[in-house]
>>> print(open('query_19.cif').read())   # mmCIF, C-alpha atoms and all ligand atoms
data_query
#
loop_
_atom_site.label_atom_id
_atom_site.label_comp_id
_atom_site.auth_asym_id
_atom_site.auth_seq_id
_atom_site.Cartn_x
_atom_site.Cartn_y
_atom_site.Cartn_z
CA MET A 1 -14.19 24.35 2.07
CA ASN A 2 -17.84 24.63 1.18
CA ARG A 3 -20.21 22.27 2.97
CA ASN A 4 -23.05 22.74 0.44
CA SER A 5 -22.05 20.22 -2.20
CA SER A 6 -24.67 19.90 -4.92
CA VAL A 7 -23.34 16.55 -6.05
CA ILE A 8 -24.46 14.12 -3.41
CA LYS A 9 -27.77 14.15 -1.58
CA LYS A 10 -27.92 12.90 1.99
CA MET A 11 -28.93 9.26 2.43
CA ALA A 12 -29.66 7.02 5.41
CA GLU A 13 -26.12 6.01 6.38
CA THR A 14 -23.36 8.41 5.42
CA CYS A 15 -19.84 9.40 6.33
CA LEU A 16 -17.65 12.44 5.89
CA ALA A 17 -15.40 12.96 2.86
CA GLY A 18 -13.45 15.73 1.16
CA ILE A 19 -14.94 15.78 -2.35
CA THR A 20 -13.06 17.17 -5.33
CA GLU A 21 -16.12 18.50 -7.19
CA LYS A 22 -14.16 19.95 -10.11
CA GLU A 23 -10.79 21.63 -10.73
CA GLU A 24 -9.58 23.56 -7.68
CA THR A 25 -12.80 22.91 -5.72
CA ILE A 26 -13.01 20.65 -2.68
CA THR A 27 -16.15 20.51 -0.56
CA LEU A 28 -16.66 18.69 2.71
CA ASN A 29 -19.78 16.58 2.69
CA GLN A 30 -21.56 13.41 3.76
CA VAL A 31 -21.36 10.58 1.22
CA PRO A 32 -23.68 7.51 1.14
CA LEU A 33 -22.27 4.42 2.83
CA VAL A 34 -23.84 1.38 1.16
CA LYS A 35 -22.78 -2.00 2.57
CA THR A 36 -23.45 -4.79 0.08
CA ASP A 37 -22.61 -8.52 0.01
CA ASP A 38 -20.00 -7.88 -2.65
CA CYS A 39 -17.94 -5.26 -0.84
CA ALA A 40 -15.71 -4.63 2.14
CA VAL A 41 -15.78 -1.42 4.14
CA ILE A 42 -12.68 -0.07 5.84
CA SER A 43 -12.48 2.81 8.25
CA ILE A 44 -9.49 4.94 7.37
CA LEU A 45 -6.53 4.95 9.77
CA SER A 46 -4.21 7.02 7.58
CA SER A 47 -4.17 8.35 4.02
CA GLY A 48 -1.07 9.74 2.37
CA VAL A 49 -1.19 12.78 0.12
CA CYS A 50 0.77 11.94 -3.05
CA GLY A 51 2.68 14.37 -5.28
CA THR A 52 0.02 13.52 -7.89
CA ASP A 53 -2.82 14.82 -5.70
CA PRO A 54 -2.15 18.51 -6.44
CA HIS A 55 -2.31 17.58 -10.16
CA ILE A 56 -5.67 15.81 -9.74
CA PHE A 57 -6.90 18.78 -7.70
CA SER A 58 -5.87 21.24 -10.42
CA GLY A 59 -7.20 19.08 -13.28
CA LYS A 60 -3.77 18.37 -14.76
CA ARG A 61 -3.72 14.61 -14.21
CA VAL A 62 -4.82 12.76 -17.35
CA GLY A 63 -7.61 10.28 -16.55
CA ALA A 64 -8.92 12.05 -13.45
CA THR A 65 -12.72 12.43 -13.39
CA TYR A 66 -14.98 14.53 -11.18
CA PRO A 67 -16.56 14.49 -8.72
CA THR A 68 -14.11 12.27 -6.93
CA ILE A 69 -12.66 11.61 -3.51
CA GLN A 70 -8.88 11.74 -3.77
CA GLY A 71 -6.45 9.67 -1.74
CA HIS A 72 -4.88 6.46 -3.12
CA GLU A 73 -2.34 5.73 -0.33
CA ILE A 74 -4.81 3.96 1.92
CA CYS A 75 -4.48 2.19 5.27
CA GLY A 76 -7.65 1.16 7.09
CA ARG A 77 -9.39 -1.26 9.44
CA ILE A 78 -11.96 -3.75 8.13
CA GLU A 79 -15.41 -3.04 9.55
CA HIS A 80 -17.63 -4.89 7.07
CA LEU A 81 -16.98 -7.95 4.90
CA GLY A 82 -19.76 -8.90 2.48
CA LYS A 83 -20.62 -12.62 2.16
CA SER A 84 -19.51 -12.82 -1.45
CA PHE A 85 -16.62 -10.32 -1.22
CA SER A 86 -13.31 -11.64 -2.51
CA CYS A 87 -9.89 -10.06 -2.80
CA LYS A 88 -6.33 -10.99 -3.70
CA PRO A 89 -3.80 -12.32 -2.74
CA GLY A 90 -6.13 -14.58 -0.77
CA ASP A 91 -4.94 -13.79 2.77
CA HIS A 92 -7.57 -14.58 5.36
CA ILE A 93 -8.98 -11.17 6.21
CA ALA A 94 -11.34 -10.68 9.14
CA ILE A 95 -13.32 -7.86 10.71
CA GLY A 96 -10.96 -5.69 12.76
CA ASP A 97 -7.86 -6.45 10.65
CA ARG A 98 -5.73 -3.56 9.44
CA VAL A 99 -5.17 -3.64 5.69
CA ILE A 100 -3.43 -1.81 2.85
CA LEU A 101 -5.36 -1.35 -0.39
CA VAL A 102 -3.65 -1.68 -3.77
CA PRO A 103 -5.64 1.18 -5.30
CA GLY A 104 -5.76 -0.09 -8.90
CA LYS A 105 -7.43 -3.22 -10.29
CA ALA A 106 -6.65 -4.66 -13.72
CA CYS A 107 -9.63 -5.11 -16.07
CA GLY A 108 -8.64 -8.64 -17.16
CA THR A 109 -9.79 -8.11 -20.74
CA CYS A 110 -7.55 -5.50 -22.42
CA HIS A 111 -4.58 -6.34 -24.66
CA TYR A 112 -2.15 -5.96 -21.75
CA CYS A 113 -4.17 -8.02 -19.26
CA ILE A 114 -4.45 -10.86 -21.79
CA THR A 115 -0.90 -10.72 -23.15
CA TYR A 116 1.10 -9.68 -20.08
CA PRO A 117 -0.99 -10.85 -17.10
CA HIS A 118 2.08 -10.71 -14.82
CA GLN A 119 2.30 -6.94 -15.40
CA GLU A 120 -1.06 -5.83 -13.99
CA HIS A 121 0.08 -2.24 -13.73
CA LEU A 122 0.16 -1.94 -17.55
CA CYS A 123 -3.63 -2.47 -17.86
CA VAL A 124 -5.16 0.48 -19.72
CA ASN A 125 -8.56 0.31 -17.97
CA ARG A 126 -7.53 0.24 -14.32
CA GLY A 127 -10.15 1.46 -11.89
CA ILE A 128 -8.03 3.39 -9.40
CA TYR A 129 -9.34 4.42 -5.98
CA GLY A 130 -8.74 8.11 -5.39
CA VAL A 131 -7.80 8.77 -9.02
CA THR A 132 -10.07 7.48 -11.82
CA LEU A 133 -13.27 6.49 -9.95
CA ARG A 134 -16.20 8.90 -9.45
CA CYS A 135 -18.00 9.38 -6.16
CA ASP A 136 -21.47 10.20 -7.55
CA ARG A 137 -22.22 6.53 -8.28
CA PRO A 138 -21.83 3.29 -6.28
CA PRO A 139 -19.74 2.46 -4.35
CA TYR A 140 -19.52 6.26 -3.66
CA LEU A 141 -16.72 6.07 -1.06
CA ILE A 142 -13.86 5.61 -3.50
CA GLY A 143 -10.96 7.59 -2.02
CA GLY A 144 -8.85 7.82 1.09
CA PHE A 145 -9.68 11.42 2.05
CA ALA A 146 -12.80 10.19 3.83
CA GLN A 147 -13.76 8.45 7.06
CA LYS A 148 -14.41 5.17 5.24
CA VAL A 149 -13.74 3.50 1.90
CA VAL A 150 -15.94 0.87 0.21
CA ILE A 151 -13.87 -1.75 -1.63
CA THR A 152 -15.46 -3.88 -4.34
CA SER A 153 -14.36 -7.46 -5.11
CA GLY A 154 -11.21 -8.22 -7.07
CA TYR A 155 -8.84 -5.67 -5.54
CA TRP A 156 -5.68 -6.60 -3.62
CA LEU A 157 -5.67 -6.12 0.14
CA PHE A 158 -2.54 -6.80 2.19
CA LEU A 159 -2.63 -7.39 5.94
CA LEU A 160 -0.61 -4.86 7.92
CA PRO A 161 1.58 -6.60 10.54
CA LYS A 162 1.02 -5.60 14.18
CA ASP A 163 4.40 -3.90 14.61
CA ILE A 164 3.74 -1.30 11.89
CA PRO A 165 1.94 1.77 13.30
CA ASP A 166 -1.30 3.00 11.64
CA GLU A 167 0.37 6.21 10.49
CA ILE A 168 3.09 4.64 8.42
CA GLY A 169 0.76 2.03 6.91
CA CYS A 170 -0.14 4.61 4.26
CA LEU A 171 3.52 4.77 3.18
CA THR A 172 3.16 1.26 1.70
CA GLU A 173 1.86 2.52 -1.67
CA PRO A 174 4.57 5.15 -2.33
CA LEU A 175 7.23 2.73 -1.04
CA ALA A 176 5.94 0.09 -3.50
CA VAL A 177 6.30 2.70 -6.27
CA ALA A 178 9.91 3.31 -5.16
CA ILE A 179 10.65 -0.42 -5.04
CA HIS A 180 9.25 -0.85 -8.55
CA ALA A 181 11.58 1.88 -9.86
CA VAL A 182 14.63 0.41 -8.11
CA GLU A 183 13.80 -3.00 -9.60
CA ARG A 184 13.69 -1.36 -13.03
CA GLY A 185 17.13 0.07 -12.22
CA VAL A 186 18.88 -3.03 -10.95
CA GLY A 187 17.29 -5.16 -13.63
CA MET A 188 15.73 -7.97 -11.62
CA ASN A 189 13.35 -10.20 -13.57
CA MET A 190 14.55 -8.73 -16.82
CA PRO A 191 16.14 -10.46 -19.78
CA THR A 192 18.88 -7.82 -19.90
CA ALA A 193 19.92 -8.47 -16.30
CA GLN A 194 23.23 -10.00 -17.34
CA TYR A 195 24.26 -6.60 -18.71
CA GLY A 196 22.91 -4.74 -15.69
CA PRO A 197 24.84 -2.84 -13.04
CA GLY A 198 25.51 -5.85 -10.79
CA LEU A 199 25.81 -5.81 -7.01
CA TYR A 200 26.45 -2.66 -4.93
CA PRO A 201 25.77 -0.17 -7.72
CA THR A 202 26.23 3.57 -7.33
CA ILE A 203 22.80 5.17 -7.62
CA ILE A 204 22.02 8.88 -7.92
CA ILE A 205 18.56 9.99 -6.88
CA GLN A 206 17.34 13.35 -8.14
CA GLY A 207 14.92 14.90 -5.66
CA ALA A 208 14.75 14.39 -1.88
CA GLY A 209 10.98 14.62 -1.48
CA PRO A 210 8.93 11.67 -0.16
CA ILE A 211 9.41 9.47 -3.26
CA GLY A 212 13.12 10.37 -3.51
CA LEU A 213 13.72 9.48 0.14
CA LEU A 214 11.74 6.23 -0.09
CA THR A 215 13.72 5.34 -3.22
CA ALA A 216 17.00 6.17 -1.44
CA ILE A 217 16.05 4.01 1.55
CA THR A 218 15.15 1.16 -0.82
CA CYS A 219 18.49 1.50 -2.65
CA ARG A 220 20.38 1.54 0.65
CA SER A 221 18.56 -1.63 1.72
CA ILE A 222 20.01 -3.52 -1.27
CA GLY A 223 23.55 -2.38 -0.49
CA ALA A 224 23.85 0.35 -3.11
CA HIS A 225 26.07 3.41 -2.72
CA VAL A 226 23.38 6.11 -2.73
CA ILE A 227 23.75 9.80 -3.54
CA ILE A 228 20.55 11.80 -3.11
CA THR A 229 20.28 15.37 -4.37
CA ASP A 230 17.95 18.34 -4.20
CA ILE A 231 17.98 22.08 -4.73
CA LEU A 232 16.00 22.68 -1.51
CA GLU A 233 18.20 23.04 1.56
CA HIS A 234 15.62 21.73 4.05
CA ARG A 235 15.20 18.53 2.06
CA VAL A 236 18.96 17.94 1.83
CA SER A 237 19.39 18.42 5.59
CA PHE A 238 16.48 16.08 6.21
CA ALA A 239 18.12 13.41 4.03
CA LYS A 240 21.34 13.87 6.02
CA GLU A 241 19.39 13.30 9.24
CA LEU A 242 18.44 9.91 7.81
CA LYS A 243 22.20 9.29 7.36
CA LEU A 244 21.96 9.43 3.58
CA HIS A 245 24.76 10.91 1.50
CA ALA A 246 22.94 14.04 0.33
CA VAL A 247 24.19 16.78 -1.98
CA LEU A 248 22.71 20.28 -2.26
CA LEU A 249 22.70 21.26 -5.93
CA PRO A 250 22.87 24.76 -7.40
CA ARG A 251 19.51 26.14 -8.57
CA LYS A 252 20.74 26.84 -12.09
CA GLU A 253 23.90 25.65 -13.83
CA GLY A 254 26.50 23.17 -12.64
CA ARG A 255 24.32 20.35 -11.39
CA VAL A 256 25.69 17.69 -13.75
CA LEU A 257 29.27 18.70 -12.97
CA ALA A 258 28.63 18.53 -9.22
CA LEU A 259 27.32 14.98 -9.55
CA ARG A 260 30.14 13.92 -11.86
CA LYS A 261 32.58 15.06 -9.14
CA GLU A 262 30.75 12.89 -6.61
CA THR A 263 31.40 9.85 -8.80
CA LYS A 264 35.07 10.54 -9.63
CA GLY A 265 34.07 11.96 -13.00
CA ILE A 266 32.58 8.67 -14.16
CA GLY A 267 28.87 8.98 -13.42
CA ALA A 268 26.56 6.61 -11.57
CA ASP A 269 25.58 3.10 -12.64
CA ILE A 270 21.96 4.17 -12.28
CA ALA A 271 20.18 7.50 -11.83
CA ILE A 272 16.53 7.75 -10.85
CA ASP A 273 14.44 10.86 -11.44
CA CYS A 274 12.30 11.61 -8.40
CA ALA A 275 12.22 15.37 -9.07
CA GLY A 276 9.67 15.31 -11.88
CA THR A 277 10.83 18.21 -14.02
CA PRO A 278 11.94 18.20 -17.67
CA GLU A 279 15.33 19.62 -16.54
CA ALA A 280 15.80 16.64 -14.23
CA PHE A 281 15.52 14.34 -17.26
CA GLU A 282 17.87 16.46 -19.39
CA GLU A 283 20.51 16.47 -16.64
CA GLY A 284 19.88 13.02 -15.23
CA ILE A 285 20.89 11.13 -18.37
CA GLN A 286 24.24 12.94 -18.15
CA MET A 287 24.71 11.79 -14.56
CA VAL A 288 25.00 8.09 -15.45
CA ARG A 289 28.16 6.40 -16.71
CA ARG A 290 28.57 5.00 -20.21
CA GLY A 291 26.35 1.94 -20.46
CA GLY A 292 24.45 3.14 -17.39
CA ARG A 293 20.74 3.19 -16.82
CA TYR A 294 18.35 6.09 -16.29
CA ILE A 295 14.95 5.55 -14.67
CA GLU A 296 12.23 8.12 -15.29
CA LEU A 297 9.89 7.95 -12.29
CA GLY A 298 9.17 11.55 -11.33
CA ASN A 299 7.57 13.00 -14.47
CA PHE A 300 4.22 11.22 -13.99
CA ALA A 301 2.25 14.39 -14.64
CA ASP A 302 2.99 16.19 -17.91
CA SER A 303 5.38 18.94 -16.92
CA GLY A 304 6.61 19.84 -20.40
CA GLU A 305 9.28 18.86 -22.91
CA ALA A 306 12.96 18.08 -22.41
CA LEU A 307 15.82 18.92 -24.76
CA VAL A 308 17.84 15.79 -25.42
CA LYS A 309 20.51 14.97 -27.98
CA PRO A 310 19.75 11.46 -29.29
CA SER A 311 23.44 11.11 -30.21
CA TYR A 312 24.35 11.41 -26.51
CA ILE A 313 22.20 8.37 -25.75
CA CYS A 314 23.62 6.45 -28.71
CA ARG A 315 27.28 7.24 -28.14
CA ASN A 316 27.08 6.42 -24.44
CA ASP A 317 25.16 3.17 -24.90
CA LEU A 318 22.57 4.39 -22.37
CA GLU A 319 19.47 2.55 -21.21
CA ILE A 320 16.46 4.75 -20.44
CA PHE A 321 13.46 3.15 -18.74
CA GLY A 322 10.16 4.48 -17.52
CA SER A 323 8.73 3.29 -14.22
CA VAL A 324 5.06 3.74 -13.51
CA ILE A 325 3.24 2.89 -10.27
CA ALA A 326 3.88 -0.60 -8.90
CA SER A 327 2.95 -4.24 -9.22
CA PRO A 328 0.74 -5.65 -6.46
CA TRP A 329 3.58 -7.82 -5.14
CA ASP A 330 5.72 -4.68 -4.67
CA PHE A 331 3.23 -3.83 -1.90
CA GLY A 332 4.09 -7.07 -0.09
CA ARG A 333 7.78 -6.21 -0.29
CA ALA A 334 7.12 -2.64 0.82
CA ILE A 335 5.42 -3.97 3.96
CA GLN A 336 8.50 -6.13 4.68
CA LEU A 337 10.74 -3.08 4.35
CA LEU A 338 8.50 -0.92 6.58
CA GLN A 339 8.62 -3.68 9.17
CA LYS A 340 12.43 -3.70 9.22
CA ASP A 341 12.71 -0.12 10.48
CA ALA A 342 9.34 1.41 11.33
CA ALA A 343 11.01 4.19 13.37
CA LEU A 344 12.96 5.39 10.32
CA PHE A 345 9.82 5.61 8.17
CA GLN A 346 7.93 7.34 10.97
CA LYS A 347 10.40 10.25 10.69
CA LEU A 348 9.25 10.94 7.12
CA ILE A 349 5.78 12.00 8.28
CA THR A 350 6.10 15.71 8.99
CA HIS A 351 2.54 17.01 8.46
CA ARG A 352 -0.82 15.65 9.62
CA PHE A 353 -4.23 17.06 8.65
CA ARG A 354 -7.88 16.16 9.38
CA ILE A 355 -10.41 15.38 6.63
CA GLU A 356 -11.85 18.86 7.17
CA GLU A 357 -8.47 20.20 6.01
CA THR A 358 -8.17 18.12 2.82
CA GLU A 359 -7.58 21.13 0.58
CA LYS A 360 -4.95 22.54 2.95
CA ALA A 361 -3.17 19.17 2.97
CA ILE A 362 -3.04 19.07 -0.84
CA ILE A 363 -1.70 22.62 -1.00
CA ASN A 364 0.91 21.71 1.62
CA VAL A 365 2.21 19.04 -0.78
CA LYS A 366 2.05 21.37 -3.77
CA GLU A 367 4.19 23.91 -1.89
CA LYS A 368 6.67 21.19 -0.83
CA HIS A 369 6.49 21.89 2.91
CA GLY A 370 8.24 19.28 5.04
CA ILE A 371 8.42 15.72 3.68
CA LYS A 372 5.33 13.52 3.91
CA THR A 373 1.84 14.88 4.45
CA ILE A 374 -0.91 12.54 5.61
CA ILE A 375 -4.58 12.82 6.47
CA VAL A 376 -5.89 11.12 9.59
CA PRO A 377 -9.67 11.26 10.07
ZN ZN A 401 0.69 8.29 -5.76
ZN ZN A 402 -6.68 -4.52 -18.60
#
>>> encode(input="query_19.cif", output="structure tokens", more="lines below")
Ligand SMILES: [Zn+2]
Ligand SMILES: [Zn+2]
Amino acid sequence: MNRNSSVIKKMAETCLAGITEKEETITLNQVPLVKTDDCAVISILSSGVCGTDPHIFSGKRVGATYPTIQGHEICGRIEHLGKSFSCKPGDHIAIGDRVILVPGKACGTCHYCITYPHQEHLCVNRGIYGVTLRCDRPPYLIGGFAQKVVITSGYWLFLLPKDIPDEIGCLTEPLAVAIHAVERGVGMNMPTAQYGPGLYPTIIIQGAGPIGLLTAITCRSIGAHVIITDILEHRVSFAKELKLHAVLLPRKEGRVLALRKETKGIGADIAIDCAGTPEAFEEGIQMVRRGGRYIELGNFADSGEALVKPSYICRNDLEIFGSVIASPWDFGRAIQLLQKDAALFQKLITHRFRIEETEKAIINVKEKHGIKTIIVP
């Protein structure tokens, strides 16, 4: 990384950050730290690298702006609380507390905020730490791949209970994303719930990367029969180590047939895409039973078009739902789940990098090494 960033000039108080200056360019530099009455400052304890980070790094994520500091899976310790700073859900937060940031804040004024205020994640103007905010304007420190983050009023901050280690705190955000997708699958809080899969559904999860495994653990926690799949051998063996029923799929043909066999030829009640390829979508809808439900979670970045026969969806009475990010209250539930078995979640963290190695960490995720990559300052 290049230490001579042209973007940010040195100021009185600064701290170190990995700055994504433009596509494929990360520099390591000092960023102004401005403590105002209307902000909180956290020092980072752990920051997860998401599967979306390589897309932001390469300029393929719609809505990403530069220069930015990436990192939206953020766990930190409060070191400054401005007099007029306020956050949701209203927990009493004090200096020294460990907190989890919900990286996006709803604007409160768009069509979705006004009409569907209980679905904050649908807001079209969300300011998202580590994704849509720029670091060349206040509050500058707007991403987790830094020593500190400055949080402005109105965001959600959840307290991290004492028995959850710093390192796995940053799994809260991706676990909330998994919980949101599973809720879409099992139909809670939805008017169609009476036609849903009911208790103890069979759920197929395509992809045994970090999101796939977190989704599988979530499904197991609600009593589902879970089948997790991947084409990468090391990911399938890792899933088996977590005592999940994992199936190694062929790299080309025969994947649908293999999964049909696993479900006595019927198909699953629900399948969830955590692989994020167009092929996963094409095959996944054929892995659910008639009247079953398919959840598209993995194709967040645009990875191309899928070939689908509309008549297949019609004749099989299929339900196909998207699932994007998470609601703030999914974070609260994610913390509860982390607390139940911290040792299990700890196993998912296979790679740790320093801020100085931000680019390396992002490439590690792009190349699918290990399971979860995190940055610890
Ligand atoms: Zn993410
Ligand atoms: Zn809005």
>>> closest_residue(input="query_19.cif", among="A:Gln70, A:Phe331, A:Gly265, A:Thr132", to="Leu101 (chain A)", atoms="all atoms listed in the file")
A:Phe331
>>> residues_near_ligand(input="query_19.cif", ligand="ligand ZN 401 (chain A)", cutoff="7 Å", atoms="only C-alpha atoms and all ligand atoms", output="mmCIF file with C-alpha atoms, in the coordinates of the input")
data_model
loop_
_atom_site.group_PDB
_atom_site.id
_atom_site.type_symbol
_atom_site.label_atom_id
_atom_site.label_comp_id
_atom_site.auth_asym_id
_atom_site.auth_seq_id
_atom_site.Cartn_x
_atom_site.Cartn_y
_atom_site.Cartn_z
ATOM 1 C CA CYS A 50 0.770 11.940 -3.050
ATOM 2 C CA GLY A 51 2.680 14.370 -5.280
ATOM 3 C CA THR A 52 0.020 13.520 -7.890
ATOM 4 C CA HIS A 72 -4.880 6.460 -3.120
ATOM 5 C CA GLU A 73 -2.340 5.730 -0.330
ATOM 6 C CA PRO A 174 4.570 5.150 -2.330
#
>>> closest_residue(input="query_19.cif", among="A:Ile211, A:Cys107, A:Ile151, A:Ala361", to="ligand ZN 402 (chain A)", atoms="only C-alpha atoms and all ligand atoms")
A:Cys107
>>> closest_residue(input="query_19.cif", among="A:Ile114, A:Leu337, A:Val62, A:Val149", to="ligand ZN 402 (chain A)", atoms="all atoms listed in the file")
A:Ile114
>>> residues_around(input="query_19.cif", residues="Thr25 (chain A)", least_positions_apart="3", cutoff="10 Å", atoms="only C-alpha atoms", output="PyMOL selection string")
chain A and resi 1-2+18-22+57-58+67+359
>>> residues_near_ligand(input="query_19.cif", ligand="ligand ZN 402 (chain A)", cutoff="12 Å", atoms="only C-alpha atoms and all ligand atoms", output="PDB file with C-alpha atoms, in the coordinates of the input")
ATOM      1  CA  GLY A 104      -5.760  -0.090  -8.900  1.00  0.00           C
ATOM      2  CA  LYS A 105      -7.430  -3.220 -10.290  1.00  0.00           C
ATOM      3  CA  ALA A 106      -6.650  -4.660 -13.720  1.00  0.00           C
ATOM      4  CA  CYS A 107      -9.630  -5.110 -16.070  1.00  0.00           C
ATOM      5  CA  GLY A 108      -8.640  -8.640 -17.160  1.00  0.00           C
ATOM      6  CA  THR A 109      -9.790  -8.110 -20.740  1.00  0.00           C
ATOM      7  CA  CYS A 110      -7.550  -5.500 -22.420  1.00  0.00           C
ATOM      8  CA  HIS A 111      -4.580  -6.340 -24.660  1.00  0.00           C
ATOM      9  CA  TYR A 112      -2.150  -5.960 -21.750  1.00  0.00           C
ATOM     10  CA  CYS A 113      -4.170  -8.020 -19.260  1.00  0.00           C
ATOM     11  CA  ILE A 114      -4.450 -10.860 -21.790  1.00  0.00           C
ATOM     12  CA  THR A 115      -0.900 -10.720 -23.150  1.00  0.00           C
ATOM     13  CA  TYR A 116       1.100  -9.680 -20.080  1.00  0.00           C
ATOM     14  CA  PRO A 117      -0.990 -10.850 -17.100  1.00  0.00           C
ATOM     15  CA  HIS A 118       2.080 -10.710 -14.820  1.00  0.00           C
ATOM     16  CA  GLN A 119       2.300  -6.940 -15.400  1.00  0.00           C
ATOM     17  CA  GLU A 120      -1.060  -5.830 -13.990  1.00  0.00           C
ATOM     18  CA  HIS A 121       0.080  -2.240 -13.730  1.00  0.00           C
ATOM     19  CA  LEU A 122       0.160  -1.940 -17.550  1.00  0.00           C
ATOM     20  CA  CYS A 123      -3.630  -2.470 -17.860  1.00  0.00           C
ATOM     21  CA  VAL A 124      -5.160   0.480 -19.720  1.00  0.00           C
ATOM     22  CA  ASN A 125      -8.560   0.310 -17.970  1.00  0.00           C
ATOM     23  CA  ARG A 126      -7.530   0.240 -14.320  1.00  0.00           C
ATOM     24  CA  GLY A 127     -10.150   1.460 -11.890  1.00  0.00           C
TER      25      GLY A 127
END
>>> residues_around(input="query_19.cif", residues="Tyr129 (chain A)", least_positions_apart="5", cutoff="12 Å", atoms="all atoms listed in the file", output="PyMOL selection string")
chain A and resi 47+64-65+68-74+101-105+134-135+139-146+149-152+155-156
>>> write_last_selection(input="query_19.cif", atoms="C-alpha atoms", output="PDB file, in the coordinates of the input")
ATOM      1  CA  SER A  47      -4.170   8.350   4.020  1.00  0.00           C
ATOM      2  CA  ALA A  64      -8.920  12.050 -13.450  1.00  0.00           C
ATOM      3  CA  THR A  65     -12.720  12.430 -13.390  1.00  0.00           C
ATOM      4  CA  THR A  68     -14.110  12.270  -6.930  1.00  0.00           C
ATOM      5  CA  ILE A  69     -12.660  11.610  -3.510  1.00  0.00           C
ATOM      6  CA  GLN A  70      -8.880  11.740  -3.770  1.00  0.00           C
ATOM      7  CA  GLY A  71      -6.450   9.670  -1.740  1.00  0.00           C
ATOM      8  CA  HIS A  72      -4.880   6.460  -3.120  1.00  0.00           C
ATOM      9  CA  GLU A  73      -2.340   5.730  -0.330  1.00  0.00           C
ATOM     10  CA  ILE A  74      -4.810   3.960   1.920  1.00  0.00           C
ATOM     11  CA  LEU A 101      -5.360  -1.350  -0.390  1.00  0.00           C
ATOM     12  CA  VAL A 102      -3.650  -1.680  -3.770  1.00  0.00           C
ATOM     13  CA  PRO A 103      -5.640   1.180  -5.300  1.00  0.00           C
ATOM     14  CA  GLY A 104      -5.760  -0.090  -8.900  1.00  0.00           C
ATOM     15  CA  LYS A 105      -7.430  -3.220 -10.290  1.00  0.00           C
ATOM     16  CA  ARG A 134     -16.200   8.900  -9.450  1.00  0.00           C
ATOM     17  CA  CYS A 135     -18.000   9.380  -6.160  1.00  0.00           C
ATOM     18  CA  PRO A 139     -19.740   2.460  -4.350  1.00  0.00           C
ATOM     19  CA  TYR A 140     -19.520   6.260  -3.660  1.00  0.00           C
ATOM     20  CA  LEU A 141     -16.720   6.070  -1.060  1.00  0.00           C
ATOM     21  CA  ILE A 142     -13.860   5.610  -3.500  1.00  0.00           C
ATOM     22  CA  GLY A 143     -10.960   7.590  -2.020  1.00  0.00           C
ATOM     23  CA  GLY A 144      -8.850   7.820   1.090  1.00  0.00           C
ATOM     24  CA  PHE A 145      -9.680  11.420   2.050  1.00  0.00           C
ATOM     25  CA  ALA A 146     -12.800  10.190   3.830  1.00  0.00           C
ATOM     26  CA  VAL A 149     -13.740   3.500   1.900  1.00  0.00           C
ATOM     27  CA  VAL A 150     -15.940   0.870   0.210  1.00  0.00           C
ATOM     28  CA  ILE A 151     -13.870  -1.750  -1.630  1.00  0.00           C
ATOM     29  CA  THR A 152     -15.460  -3.880  -4.340  1.00  0.00           C
ATOM     30  CA  TYR A 155      -8.840  -5.670  -5.540  1.00  0.00           C
ATOM     31  CA  TRP A 156      -5.680  -6.600  -3.620  1.00  0.00           C
TER      32      TRP A 156
END
>>> atom_distance(input="query_19.cif", atom1="CA of Arg290 (chain A)", atom2="CA of Asp317 (chain A)")
6.1 Å
>>> residues_near_point(input="query_19.cif", point="(4.9, 5.4, 8.8)", cutoff="9 Å", atoms="all atoms listed in the file", output="PyMOL selection string")
chain A and resi 164-172+338+342-349
>>> atom_distance(input="query_19.cif", atom1="CA of Ser303 (chain A)", atom2="CA of Pro54 (chain A)")
12.9 Å
>>> atom_distance(input="query_19.cif", atom1="CA of Lys368 (chain A)", atom2="CA of Leu244 (chain A)")
19.8 Å
